[in-house]
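What follows is the content of final16.txt, which has compact mmCIF, C-alpha atoms and all ligand atoms:
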# COMPACT_ATOMS: atom_id res chain seq x y z
CA MET A 1 127.55 158.36 125.70
CA ARG A 2 123.92 159.14 126.59
CA PHE A 3 122.73 155.54 126.90
CA GLN A 4 125.01 153.46 129.05
CA PHE A 5 124.16 149.83 129.86
CA THR A 6 127.01 149.09 132.23
CA ASP A 7 127.96 151.07 135.34
CA THR A 8 130.69 153.69 135.37
CA PRO A 9 132.47 155.18 138.42
CA GLU A 10 130.29 158.32 138.00
CA ARG A 11 126.83 156.71 137.83
CA TYR A 12 124.92 153.45 137.66
CA GLY A 13 124.12 152.25 134.12
CA SER A 14 120.62 151.59 132.80
CA VAL A 15 120.55 147.89 133.78
CA SER A 16 121.49 148.62 137.41
CA ARG A 17 118.99 151.47 137.54
CA PHE A 18 116.22 149.36 136.08
CA LEU A 19 116.91 146.60 138.63
CA HIS A 20 117.11 149.10 141.52
CA TRP A 21 113.88 150.98 140.76
CA SER A 22 111.77 148.02 139.62
CA MET A 23 112.71 146.10 142.76
CA ALA A 24 112.01 149.21 144.87
CA LEU A 25 108.45 149.35 143.47
CA LEU A 26 107.88 145.63 143.99
CA LEU A 27 109.20 145.88 147.56
CA ILE A 28 106.76 148.71 148.34
CA TRP A 29 104.01 146.40 147.05
CA GLN A 30 105.38 143.58 149.21
CA LEU A 31 105.36 145.90 152.23
CA ALA A 32 101.71 146.76 151.51
CA THR A 33 100.80 143.05 151.47
CA ALA A 34 102.48 142.51 154.85
CA VAL A 35 101.00 145.66 156.44
CA ALA A 36 97.47 144.83 155.23
CA ARG A 37 97.86 141.37 156.72
CA ILE A 38 98.42 142.95 160.13
CA LEU A 39 96.15 146.00 160.05
CA VAL A 40 93.11 144.76 158.10
CA LYS A 41 93.44 140.98 158.30
CA ASP A 42 90.77 139.00 156.40
CA SER A 43 89.35 142.11 154.70
CA ALA A 44 88.86 142.10 150.92
CA LEU A 45 91.95 144.31 150.61
CA ASP A 46 94.05 141.85 152.63
CA GLU A 47 92.82 138.90 150.61
CA PHE A 48 93.61 140.63 147.34
CA LEU A 49 97.05 141.85 148.40
CA TRP A 50 98.05 138.65 150.21
CA GLY A 51 97.16 136.66 147.11
CA THR A 52 100.03 138.45 145.37
CA HIS A 53 102.64 138.06 148.15
CA ARG A 54 104.12 134.74 146.98
CA PRO A 55 104.23 135.43 143.22
CA VAL A 56 105.66 138.92 143.71
CA GLY A 57 108.19 137.43 146.18
CA ALA A 58 109.21 134.84 143.58
CA LEU A 59 109.63 137.62 141.01
CA LEU A 60 111.83 139.53 143.47
CA MET A 61 113.93 136.37 143.96
CA THR A 62 114.51 136.18 140.19
CA LEU A 63 115.42 139.87 139.99
CA VAL A 64 117.82 139.72 142.93
CA LEU A 65 119.71 136.79 141.38
CA ILE A 66 120.15 138.83 138.18
CA ARG A 67 121.07 141.88 140.26
CA ILE A 68 123.75 140.04 142.27
CA ALA A 69 125.30 138.66 139.06
CA TRP A 70 125.19 142.13 137.47
CA ALA A 71 126.70 143.79 140.57
CA LEU A 72 129.57 141.28 140.57
CA THR A 73 130.22 141.82 136.85
CA ASN A 74 130.28 145.59 137.35
CA ARG A 75 132.01 145.66 140.73
CA ARG A 76 135.19 147.36 139.48
CA GLN A 77 133.39 150.09 137.54
CA ARG A 78 130.44 151.17 139.66
CA PRO A 79 130.33 154.28 141.86
CA ALA A 80 132.32 153.82 145.08
CA ALA A 81 130.30 153.72 148.32
CA VAL A 82 130.60 156.98 150.26
CA SER A 83 131.69 155.23 153.48
CA LEU A 84 132.28 151.84 155.05
CA MET A 85 128.82 152.10 156.66
CA ALA A 86 127.22 152.67 153.25
CA ARG A 87 129.06 149.67 151.87
CA LEU A 88 128.03 147.44 154.77
CA GLY A 89 124.46 148.73 154.46
CA HIS A 90 124.32 147.76 150.78
CA VAL A 91 125.80 144.31 151.49
CA GLY A 92 123.16 143.88 154.24
CA LEU A 93 120.40 144.84 151.82
CA TYR A 94 121.66 142.30 149.28
CA ALA A 95 121.90 139.55 151.92
CA LEU A 96 118.30 140.12 153.08
CA LEU A 97 117.02 140.52 149.51
CA PHE A 98 118.42 137.05 148.89
CA PHE A 99 117.61 135.15 152.09
CA VAL A 100 114.09 136.48 152.73
CA PRO A 101 112.58 135.03 149.51
CA ALA A 102 115.04 132.08 149.34
CA PHE A 103 113.96 130.71 152.74
CA ALA A 104 110.30 131.21 151.82
CA LEU A 105 110.68 129.37 148.52
CA LEU A 106 112.50 126.53 150.26
CA ARG A 107 109.59 126.28 152.71
CA GLN A 108 107.12 126.41 149.85
CA TYR A 109 108.89 123.48 148.18
CA GLY A 110 109.15 121.48 151.40
CA SER A 111 105.44 121.94 152.11
CA GLY A 112 104.69 119.73 149.09
CA ARG A 113 102.11 122.19 147.78
CA ALA A 114 102.18 123.12 144.10
CA PHE A 115 103.33 126.68 143.38
CA SER A 116 102.76 128.37 140.00
CA PRO A 117 103.61 132.10 140.26
CA PHE A 118 101.93 134.00 137.39
CA GLY A 119 100.83 130.65 135.96
CA ILE A 120 104.42 129.38 135.60
CA PRO A 121 104.58 125.85 137.07
CA LEU A 122 107.65 126.43 139.27
CA MET A 123 106.92 123.70 141.82
CA PRO A 124 104.72 120.71 140.90
CA GLY A 125 104.10 119.73 144.55
CA PHE A 126 104.23 116.17 145.85
CA GLU A 127 102.22 113.59 147.76
CA GLY A 128 103.14 112.42 151.24
CA GLU A 129 105.06 113.90 154.15
CA ARG A 130 106.35 117.50 154.19
CA ILE A 131 110.14 117.87 154.22
CA GLU A 132 110.51 119.28 157.73
CA TRP A 133 114.05 120.69 157.51
CA MET A 134 113.02 122.82 154.53
CA LEU A 135 110.36 124.54 156.63
CA ILE A 136 112.64 125.53 159.50
CA PRO A 137 114.65 128.52 158.12
CA ALA A 138 111.52 130.36 156.91
CA ASN A 139 109.48 129.49 160.00
CA LEU A 140 112.24 130.97 162.15
CA PHE A 141 113.38 133.90 160.04
CA HIS A 142 111.18 134.80 157.04
CA SER A 143 108.91 137.21 158.84
CA TRP A 144 111.62 138.78 161.09
CA PHE A 145 114.12 139.19 158.27
CA GLY A 146 111.34 140.58 156.07
CA TRP A 147 110.58 143.33 158.61
CA LEU A 148 114.31 143.92 159.13
CA LEU A 149 114.67 144.38 155.37
CA PHE A 150 111.91 147.01 155.35
CA ALA A 151 113.58 148.80 158.30
CA LEU A 152 116.96 148.78 156.53
CA ILE A 153 115.32 150.15 153.37
CA ALA A 154 113.82 152.99 155.42
CA GLY A 155 117.30 153.78 156.81
CA HIS A 156 118.73 153.58 153.28
CA ILE A 157 116.24 156.16 151.98
CA VAL A 158 116.86 158.50 154.94
CA MET A 159 120.64 158.28 154.34
CA VAL A 160 120.24 159.13 150.65
CA PHE A 161 118.62 162.43 151.66
CA VAL A 162 121.12 163.04 154.49
CA HIS A 163 123.97 162.75 151.96
CA ARG A 164 122.06 164.98 149.56
CA HIS A 165 121.53 167.85 151.98
CA ARG A 166 124.50 167.70 154.37
CA ALA A 167 127.11 170.33 153.54
CA GLY A 168 130.32 168.88 152.11
CA ASP A 169 128.78 165.43 151.58
CA THR A 170 128.44 163.52 148.28
CA ASP A 171 124.95 163.69 146.73
CA VAL A 172 124.45 160.08 145.58
CA LEU A 173 120.92 160.46 144.19
CA PRO A 174 121.99 161.54 140.65
CA ARG A 175 124.04 158.33 140.39
CA MET A 176 120.93 156.23 140.71
CA LEU A 177 118.73 158.59 138.65
CA GLY A 178 121.28 158.41 135.82
CA ARG A 179 121.80 162.18 135.79
CA ARG A 180 125.11 163.85 135.17
C1 LIG B 201 111.58 139.82 149.02
C2 LIG B 201 110.50 139.10 149.11
C3 LIG B 201 109.67 138.96 150.35
C4 LIG B 201 109.49 139.82 151.41
C5 LIG B 201 110.15 141.17 151.63
C6 LIG B 201 108.57 139.17 152.33
C7 LIG B 201 108.16 139.73 153.54
C8 LIG B 201 107.33 139.10 154.44
C9 LIG B 201 106.97 139.63 155.73
C10 LIG B 201 107.44 140.95 156.32
C11 LIG B 201 106.14 138.73 156.32
C12 LIG B 201 105.50 138.85 157.73
C13 LIG B 201 104.08 139.34 157.65
C14 LIG B 201 103.45 139.32 159.03
O1 LIG B 201 104.10 139.78 159.99
O2 LIG B 201 102.32 138.83 159.13
C15 LIG B 201 105.96 137.62 155.42
C16 LIG B 201 105.19 136.50 155.66
C17 LIG B 201 105.04 135.45 154.80
N1 LIG B 201 105.63 135.33 153.56
FE1 LIG B 201 106.89 136.63 152.67
N2 LIG B 201 108.19 137.96 151.82
C18 LIG B 201 108.84 137.78 150.62
C19 LIG B 201 108.75 136.68 149.79
C20 LIG B 201 107.97 135.57 150.01
C21 LIG B 201 107.89 134.40 149.15
C22 LIG B 201 108.71 134.20 147.87
C23 LIG B 201 106.99 133.54 149.72
C24 LIG B 201 106.52 132.17 149.28
C25 LIG B 201 106.72 131.65 148.11
C26 LIG B 201 106.52 134.16 150.95
C27 LIG B 201 105.59 133.59 151.80
C28 LIG B 201 105.21 134.12 153.01
C29 LIG B 201 104.34 133.44 153.95
C30 LIG B 201 103.68 132.07 153.74
C31 LIG B 201 104.22 134.28 155.07
C32 LIG B 201 103.40 134.01 156.36
C33 LIG B 201 104.17 133.09 157.27
C34 LIG B 201 105.38 133.76 157.87
O3 LIG B 201 105.25 134.82 158.52
O4 LIG B 201 106.51 133.22 157.69
N3 LIG B 201 107.13 135.39 151.10
N4 LIG B 201 106.70 137.88 154.29
C1 LIG B 202 112.76 150.13 148.23
C2 LIG B 202 113.79 149.36 148.21
C3 LIG B 202 115.24 149.73 147.95
C4 LIG B 202 116.26 148.84 147.98
C5 LIG B 202 116.17 147.35 148.30
C6 LIG B 202 117.48 149.55 147.65
C7 LIG B 202 118.73 148.97 147.59
C8 LIG B 202 119.88 149.58 147.18
C9 LIG B 202 121.17 148.94 147.01
C10 LIG B 202 121.48 147.47 147.31
C11 LIG B 202 122.02 149.87 146.54
C12 LIG B 202 123.50 149.65 146.19
C13 LIG B 202 123.68 149.75 144.70
C14 LIG B 202 123.11 148.56 143.98
O1 LIG B 202 123.75 147.51 143.99
O2 LIG B 202 122.01 148.66 143.37
C15 LIG B 202 121.29 151.10 146.41
C16 LIG B 202 121.81 152.30 145.98
C17 LIG B 202 121.12 153.46 145.97
N1 LIG B 202 119.78 153.68 146.29
FE1 LIG B 202 118.49 152.28 146.86
N2 LIG B 202 117.18 150.87 147.42
C18 LIG B 202 115.80 151.02 147.60
C19 LIG B 202 115.10 152.21 147.47
C20 LIG B 202 115.65 153.43 147.22
C21 LIG B 202 114.94 154.70 147.17
C22 LIG B 202 113.43 154.89 147.41
C23 LIG B 202 115.86 155.65 146.88
C24 LIG B 202 115.67 157.16 146.73
C25 LIG B 202 115.17 157.92 147.62
C26 LIG B 202 117.13 155.01 146.72
C27 LIG B 202 118.31 155.63 146.36
C28 LIG B 202 119.50 155.02 146.14
C29 LIG B 202 120.70 155.72 145.71
C30 LIG B 202 120.82 157.21 145.44
C31 LIG B 202 121.72 154.76 145.60
C32 LIG B 202 123.19 154.99 145.21
C33 LIG B 202 123.99 155.00 146.48
C34 LIG B 202 125.47 155.12 146.24
O3 LIG B 202 125.88 155.19 145.08
O4 LIG B 202 126.23 155.12 147.22
N3 LIG B 202 116.98 153.66 146.95
N4 LIG B 202 119.98 150.90 146.81
Before we go any further, please render this structure as structure tokens.
Ligand code: HEM
Ligand code: HEM
Amino acid sequence: MRFQFTDTPERYGSVSRFLHWSMALLLIWQLATAVARILVKDSALDEFLWGTHRPVGALLMTLVLIRIAWALTNRRQRPAAVSLMARLGHVGLYALLFFVPAFALLRQYGSGRAFSPFGIPLMPGFEGERIEWMLIPANLFHSWFGWLLFALIAGHIVMVFVHRHRAGDTDVLPRMLGRR
């Protein structure tokens, strides 16, 4: 069949590929917002990009929840990881893709400030004291785990090309491009 929604052992289906590549684009955007914040802080570029960091992060949270559910549904029929390291790497990516935005959203809620990504009233905000325990995980880990996620993604991309060009290795790129 040319159009395949679900995964098969030979390649990822269209839903998995859509989730993989749309999240990849949004994560590159998210990286740009974080880099601009460090390199050109308070410039017009930083202000524009940083203004999108929270909404895009909330969108990534939504997509990763769908992606985790989809991966679990397809776990018996998707391409097998090429090694234990690849498998652990993918699990690590999933864990960070979940916890990085989850901690930040928890902090956002606990801060009591209203939050309406893309105009959708997700958090109404509240009067009074902040909820301190909700701020702790993100204050400790959001930034570090965010940078760790970007580092792991860089390693992931390098490994895709190592597998592609190393003699005798499995080229995994066609699986994610949907090619036979
Ligand atoms: C997958 C999604 C996300 C990634 C990869 C990510 C990544 C990052 C990174 C790397 C930093 C550190 C920037 C620096 O060193 O100055 C950061 C900071 C920040 N992020 Fe995110 N973020 C995500 C989602 C979110 C969400 C959903 C929110 C809020 C709703 C958020 C709010 C913040 C805030 C307030 C900061 C500055 C304070 C801090 O460093 O903890 N982020 N983010
Ligand atoms: C930018 C953020 C990226 C993230 C977070 C990410 C994450 C992942 C994850 C979690 C998997 C496991 C399969 C799944 O559940 O979807 C995967 C597979 C894959 N990714 Fe990425 N990826 C990113 C970017 C890229 C890029 C830029 C490339 C191409 C150069 C790429 C190529 C692949 C390939 C070929 C596979 C299949 C690996 C296999 O079947 O063993 N990824 N990716």
Which residue, A:Ala24, A:Ala104, A:Val64, A:Ile136, has the smallest gap to His156 (chain A) when you use all atoms listed in the file? A:Ala24
Between A:Thr170, A:Ser116, A:Gln30, A:Thr73, which residue has the minimum interatomic distance to ligand LIG 201 (chain B), considering all atoms listed in the file? A:Gln30
Shortest interatomic distance to Gly13 (chain A) - which of A:Trp70, A:Trp147, A:Phe126, A:Trp50, counting all atoms listed in the file: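 Answer, going by the shortest atom-to-atom distance: A:Trp70.
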At most 9 Å from ligand LIG 202 (chain B) (all atoms listed in the file): residue list as a ChimeraX atom specification: /A:10-12,16-17,19-28,67-68,70-71,78-83,86-87,89-94,96-97,149-150,152-154,156-161,164,170-177
Please report as CSV every residue of chain A lying within 9 Å of ligand LIG 201 (chain B), along with the nearest atom pair and their distance in Å (one decimal), using only C-alpha atoms and all ligand atoms.
residue,atom,partner,partner_atom,distance
A:Met23,CA,B:LIG201,C1,8.9
A:Leu26,CA,B:LIG201,C1,8.5
A:Leu27,CA,B:LIG201,C5,6.3
A:Ile28,CA,B:LIG201,C5,8.9
A:Gln30,CA,B:LIG201,C5,5.9
A:Leu31,CA,B:LIG201,C10,6.7
A:Thr33,CA,B:LIG201,C13,7.9
A:Ala34,CA,B:LIG201,C13,4.5
A:Val35,CA,B:LIG201,C13,7.1
A:Ala36,CA,B:LIG201,O2,8.6
A:Arg37,CA,B:LIG201,O2,5.7
A:Ile38,CA,B:LIG201,O2,5.8
A:Trp50,CA,B:LIG201,C28,8.9
A:His53,CA,B:LIG201,N3,6.0
A:Arg54,CA,B:LIG201,C23,4.1
A:Pro55,CA,B:LIG201,C22,6.6
A:Val56,CA,B:LIG201,C22,7.0
A:Gly57,CA,B:LIG201,C22,3.7
A:Ala58,CA,B:LIG201,C22,4.4
A:Leu59,CA,B:LIG201,C22,7.7
A:Leu60,CA,B:LIG201,C1,5.6
A:Met61,CA,B:LIG201,C1,6.6
A:Val64,CA,B:LIG201,C1,8.7
A:Leu96,CA,B:LIG201,C1,7.9
A:Leu97,CA,B:LIG201,C1,5.5
A:Phe98,CA,B:LIG201,C1,7.4
A:Phe99,CA,B:LIG201,C1,8.2
A:Val100,CA,B:LIG201,C1,5.6
A:Pro101,CA,B:LIG201,C19,4.2
A:Ala102,CA,B:LIG201,C22,6.8
A:Phe103,CA,B:LIG201,C21,8.0
A:Ala104,CA,B:LIG201,C23,4.6
A:Leu105,CA,B:LIG201,C25,4.6
A:Leu106,CA,B:LIG201,C25,8.0
A:Arg107,CA,B:LIG201,C24,7.5
A:Gln108,CA,B:LIG201,C25,5.5
A:Tyr109,CA,B:LIG201,C25,8.5
A:Phe115,CA,B:LIG201,C25,7.7
A:Pro117,CA,B:LIG201,C25,8.5
A:Ala138,CA,B:LIG201,O4,5.8
A:Asn139,CA,B:LIG201,O4,5.3
A:Leu140,CA,B:LIG201,O4,7.6
A:Phe141,CA,B:LIG201,O4,7.3
A:His142,CA,B:LIG201,O4,5.0
A:Ser143,CA,B:LIG201,C12,3.9
A:Trp144,CA,B:LIG201,C10,6.7
A:Phe145,CA,B:LIG201,C10,7.2
A:Gly146,CA,B:LIG201,C10,3.9
A:Trp147,CA,B:LIG201,C10,4.6
A:Leu148,CA,B:LIG201,C10,8.0
A:Leu149,CA,B:LIG201,C5,6.7
A:Phe150,CA,B:LIG201,C5,7.1
Let me see the file: selected residues, C-alpha atoms, as a CSV table (one decimal), keeping the file's coordinate frame.
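Produced file selection-v1.csv, reproduced below:
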chain,number,residue,atom,x,y,z
A,23,MET,CA,112.7,146.1,142.8
A,26,LEU,CA,107.9,145.6,144.0
A,27,LEU,CA,109.2,145.9,147.6
A,28,ILE,CA,106.8,148.7,148.3
A,30,GLN,CA,105.4,143.6,149.2
A,31,LEU,CA,105.4,145.9,152.2
A,33,THR,CA,100.8,143.0,151.5
A,34,ALA,CA,102.5,142.5,154.8
A,35,VAL,CA,101.0,145.7,156.4
A,36,ALA,CA,97.5,144.8,155.2
A,37,ARG,CA,97.9,141.4,156.7
A,38,ILE,CA,98.4,143.0,160.1
A,50,TRP,CA,98.0,138.6,150.2
A,53,HIS,CA,102.6,138.1,148.2
A,54,ARG,CA,104.1,134.7,147.0
A,55,PRO,CA,104.2,135.4,143.2
A,56,VAL,CA,105.7,138.9,143.7
A,57,GLY,CA,108.2,137.4,146.2
A,58,ALA,CA,109.2,134.8,143.6
A,59,LEU,CA,109.6,137.6,141.0
A,60,LEU,CA,111.8,139.5,143.5
A,61,MET,CA,113.9,136.4,144.0
A,64,VAL,CA,117.8,139.7,142.9
A,96,LEU,CA,118.3,140.1,153.1
A,97,LEU,CA,117.0,140.5,149.5
A,98,PHE,CA,118.4,137.0,148.9
A,99,PHE,CA,117.6,135.2,152.1
A,100,VAL,CA,114.1,136.5,152.7
A,101,PRO,CA,112.6,135.0,149.5
A,102,ALA,CA,115.0,132.1,149.3
A,103,PHE,CA,114.0,130.7,152.7
A,104,ALA,CA,110.3,131.2,151.8
A,105,LEU,CA,110.7,129.4,148.5
A,106,LEU,CA,112.5,126.5,150.3
A,107,ARG,CA,109.6,126.3,152.7
A,108,GLN,CA,107.1,126.4,149.8
A,109,TYR,CA,108.9,123.5,148.2
A,115,PHE,CA,103.3,126.7,143.4
A,117,PRO,CA,103.6,132.1,140.3
A,138,ALA,CA,111.5,130.4,156.9
A,139,ASN,CA,109.5,129.5,160.0
A,140,LEU,CA,112.2,131.0,162.2
A,141,PHE,CA,113.4,133.9,160.0
A,142,HIS,CA,111.2,134.8,157.0
A,143,SER,CA,108.9,137.2,158.8
A,144,TRP,CA,111.6,138.8,161.1
A,145,PHE,CA,114.1,139.2,158.3
A,146,GLY,CA,111.3,140.6,156.1
A,147,TRP,CA,110.6,143.3,158.6
A,148,LEU,CA,114.3,143.9,159.1
A,149,LEU,CA,114.7,144.4,155.4
A,150,PHE,CA,111.9,147.0,155.4
Pick from A:Arg166, A:Glu129, A:Val15, A:Thr52, whichever lies nearest to Ala69 (chain A) using all atoms listed in the file: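 Checking each of A:Arg166, A:Glu129, A:Val15, A:Thr52 against Ala69 (chain A), counting all atoms listed in the file, the winner is A:Val15.
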To test the calculation: enclose all listed atoms of region 14-22 of chain A in a box whose edges run along x, y and z, add 3 Å on each side, then state centre and edge lengths in Å to one decimal, as lines of an AutoDock Vina configuration file.
center_x = 116.6
center_y = 149.1
center_z = 137.2
size_x = 15.7
size_y = 11.0
size_z = 14.7
Atom-to-atom span, CA of Ser111 (chain A) and CA of Gly51 (chain A), Å: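 Atom-to-atom, CA of Ser111 (chain A) to CA of Gly51 (chain A), that is 17.6 Å.
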By how many Å are CA of Gly110 (chain A) and CA of Gly128 (chain A) apart? 10.9 Å
Using CA of Thr6 (chain A) and CA of His165 (chain A) as the two end points, give the distance in Å to one decimal.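 Pair CA of Thr6 (chain A) / CA of His165 (chain A) returns 27.8 Å.
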Go through A:Leu45, A:Leu135, A:His163, A:Phe5 and flag the residue nearest Asn74 (chain A), using only C-alpha atoms for the distances.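 Among the listed residues, A:Phe5 lies closest to Asn74 (chain A).
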Residue nearest Arg75 (chain A) - candidates A:Ala167, A:Arg179, A:Asp7, A:Leu88, atoms counted: all atoms listed in the file: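 Under the stated criterion, the closest residue is A:Asp7.
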Residues near Gly112 (chain A), anyone? I mean within 7 Å using all atoms listed in the file, not counting same-chain ones fewer than 4 positions away, as a tab-separated table (two decimals) with C-alpha atoms, keeping the file's coordinate frame.
chain	number	residue	atom	x	y	z
A	125	GLY	CA	104.10	119.73	144.55
A	126	PHE	CA	104.23	116.17	145.85
A	127	GLU	CA	102.22	113.59	147.76
A	130	ARG	CA	106.35	117.50	154.19
Since the input has fewer atoms than a full residue there, write region 140-168 of chain A out with N, CA and C atoms, as an mmCIF file, keeping the file's coordinate frame.
data_model
loop_
_atom_site.group_PDB
_atom_site.id
_atom_site.type_symbol
_atom_site.label_atom_id
_atom_site.label_comp_id
_atom_site.auth_asym_id
_atom_site.auth_seq_id
_atom_site.Cartn_x
_atom_site.Cartn_y
_atom_site.Cartn_z
ATOM 1 N N LEU A 140 111.505 130.201 161.144
ATOM 2 C CA LEU A 140 112.240 130.970 162.150
ATOM 3 C C LEU A 140 112.473 132.408 161.702
ATOM 4 N N PHE A 141 112.813 132.607 160.434
ATOM 5 C CA PHE A 141 113.380 133.900 160.040
ATOM 6 C C PHE A 141 112.615 134.696 158.982
ATOM 7 N N HIS A 142 111.730 134.062 158.190
ATOM 8 C CA HIS A 142 111.180 134.800 157.040
ATOM 9 C C HIS A 142 110.513 136.116 157.460
ATOM 10 N N SER A 143 109.650 136.027 158.436
ATOM 11 C CA SER A 143 108.910 137.210 158.840
ATOM 12 C C SER A 143 109.847 138.260 159.477
ATOM 13 N N TRP A 144 110.702 137.837 160.417
ATOM 14 C CA TRP A 144 111.620 138.780 161.090
ATOM 15 C C TRP A 144 112.570 139.433 160.097
ATOM 16 N N PHE A 145 113.178 138.634 159.248
ATOM 17 C CA PHE A 145 114.120 139.190 158.270
ATOM 18 C C PHE A 145 113.386 140.090 157.281
ATOM 19 N N GLY A 146 112.137 139.742 156.972
ATOM 20 C CA GLY A 146 111.340 140.580 156.070
ATOM 21 C C GLY A 146 111.147 141.970 156.673
ATOM 22 N N TRP A 147 110.768 142.015 157.958
ATOM 23 C CA TRP A 147 110.580 143.330 158.610
ATOM 24 C C TRP A 147 111.901 144.059 158.750
ATOM 25 N N LEU A 148 112.978 143.303 159.034
ATOM 26 C CA LEU A 148 114.310 143.920 159.130
ATOM 27 C C LEU A 148 114.696 144.549 157.791
ATOM 28 N N LEU A 149 114.373 143.845 156.705
ATOM 29 C CA LEU A 149 114.670 144.380 155.370
ATOM 30 C C LEU A 149 113.944 145.706 155.159
ATOM 31 N N PHE A 150 112.658 145.761 155.537
ATOM 32 C CA PHE A 150 111.910 147.010 155.350
ATOM 33 C C PHE A 150 112.506 148.131 156.208
ATOM 34 N N ALA A 151 112.977 147.779 157.422
ATOM 35 C CA ALA A 151 113.580 148.800 158.300
ATOM 36 C C ALA A 151 114.887 149.307 157.681
ATOM 37 N N LEU A 152 115.688 148.390 157.145
ATOM 38 C CA LEU A 152 116.960 148.780 156.530
ATOM 39 C C LEU A 152 116.722 149.653 155.300
ATOM 40 N N ILE A 153 115.658 149.337 154.555
ATOM 41 C CA ILE A 153 115.320 150.150 153.370
ATOM 42 C C ILE A 153 114.948 151.569 153.815
ATOM 43 N N ALA A 154 114.197 151.662 154.913
ATOM 44 C CA ALA A 154 113.820 152.990 155.420
ATOM 45 C C ALA A 154 115.079 153.780 155.771
ATOM 46 N N GLY A 155 116.030 153.127 156.456
ATOM 47 C CA GLY A 155 117.300 153.780 156.810
ATOM 48 C C GLY A 155 118.064 154.189 155.554
ATOM 49 N N HIS A 156 118.048 153.325 154.562
ATOM 50 C CA HIS A 156 118.730 153.580 153.280
ATOM 51 C C HIS A 156 118.178 154.859 152.633
ATOM 52 N N ILE A 157 116.861 154.989 152.611
ATOM 53 C CA ILE A 157 116.240 156.160 151.980
ATOM 54 C C ILE A 157 116.577 157.427 152.769
ATOM 55 N N VAL A 158 116.516 157.333 154.121
ATOM 56 C CA VAL A 158 116.860 158.500 154.940
ATOM 57 C C VAL A 158 118.302 158.932 154.647
ATOM 58 N N MET A 159 119.223 157.943 154.565
ATOM 59 C CA MET A 159 120.640 158.280 154.340
ATOM 60 C C MET A 159 120.874 158.935 152.977
ATOM 61 N N VAL A 160 120.089 158.501 151.972
ATOM 62 C CA VAL A 160 120.240 159.130 150.650
ATOM 63 C C VAL A 160 119.986 160.639 150.774
ATOM 64 N N PHE A 161 118.940 161.014 151.550
ATOM 65 C CA PHE A 161 118.620 162.430 151.660
ATOM 66 C C PHE A 161 119.560 163.154 152.634
ATOM 67 N N VAL A 162 120.098 162.443 153.625
ATOM 68 C CA VAL A 162 121.120 163.040 154.490
ATOM 69 C C VAL A 162 122.329 163.408 153.642
ATOM 70 N N HIS A 163 122.798 162.475 152.819
ATOM 71 C CA HIS A 163 123.970 162.750 151.960
ATOM 72 C C HIS A 163 123.677 163.899 150.988
ATOM 73 N N ARG A 164 122.420 163.957 150.559
ATOM 74 C CA ARG A 164 122.060 164.980 149.560
ATOM 75 C C ARG A 164 122.105 166.389 150.154
ATOM 76 N N HIS A 165 121.704 166.504 151.428
ATOM 77 C CA HIS A 165 121.530 167.850 151.980
ATOM 78 C C HIS A 165 122.608 168.278 152.960
ATOM 79 N N ARG A 166 123.466 167.323 153.407
ATOM 80 C CA ARG A 166 124.500 167.700 154.370
ATOM 81 C C ARG A 166 125.644 168.414 153.641
ATOM 82 N N ALA A 167 126.049 169.548 154.189
ATOM 83 C CA ALA A 167 127.110 170.330 153.540
ATOM 84 C C ALA A 167 128.391 169.500 153.441
ATOM 85 N N GLY A 168 129.035 169.553 152.294
ATOM 86 C CA GLY A 168 130.320 168.880 152.110
ATOM 87 C C GLY A 168 130.209 167.392 151.817
#
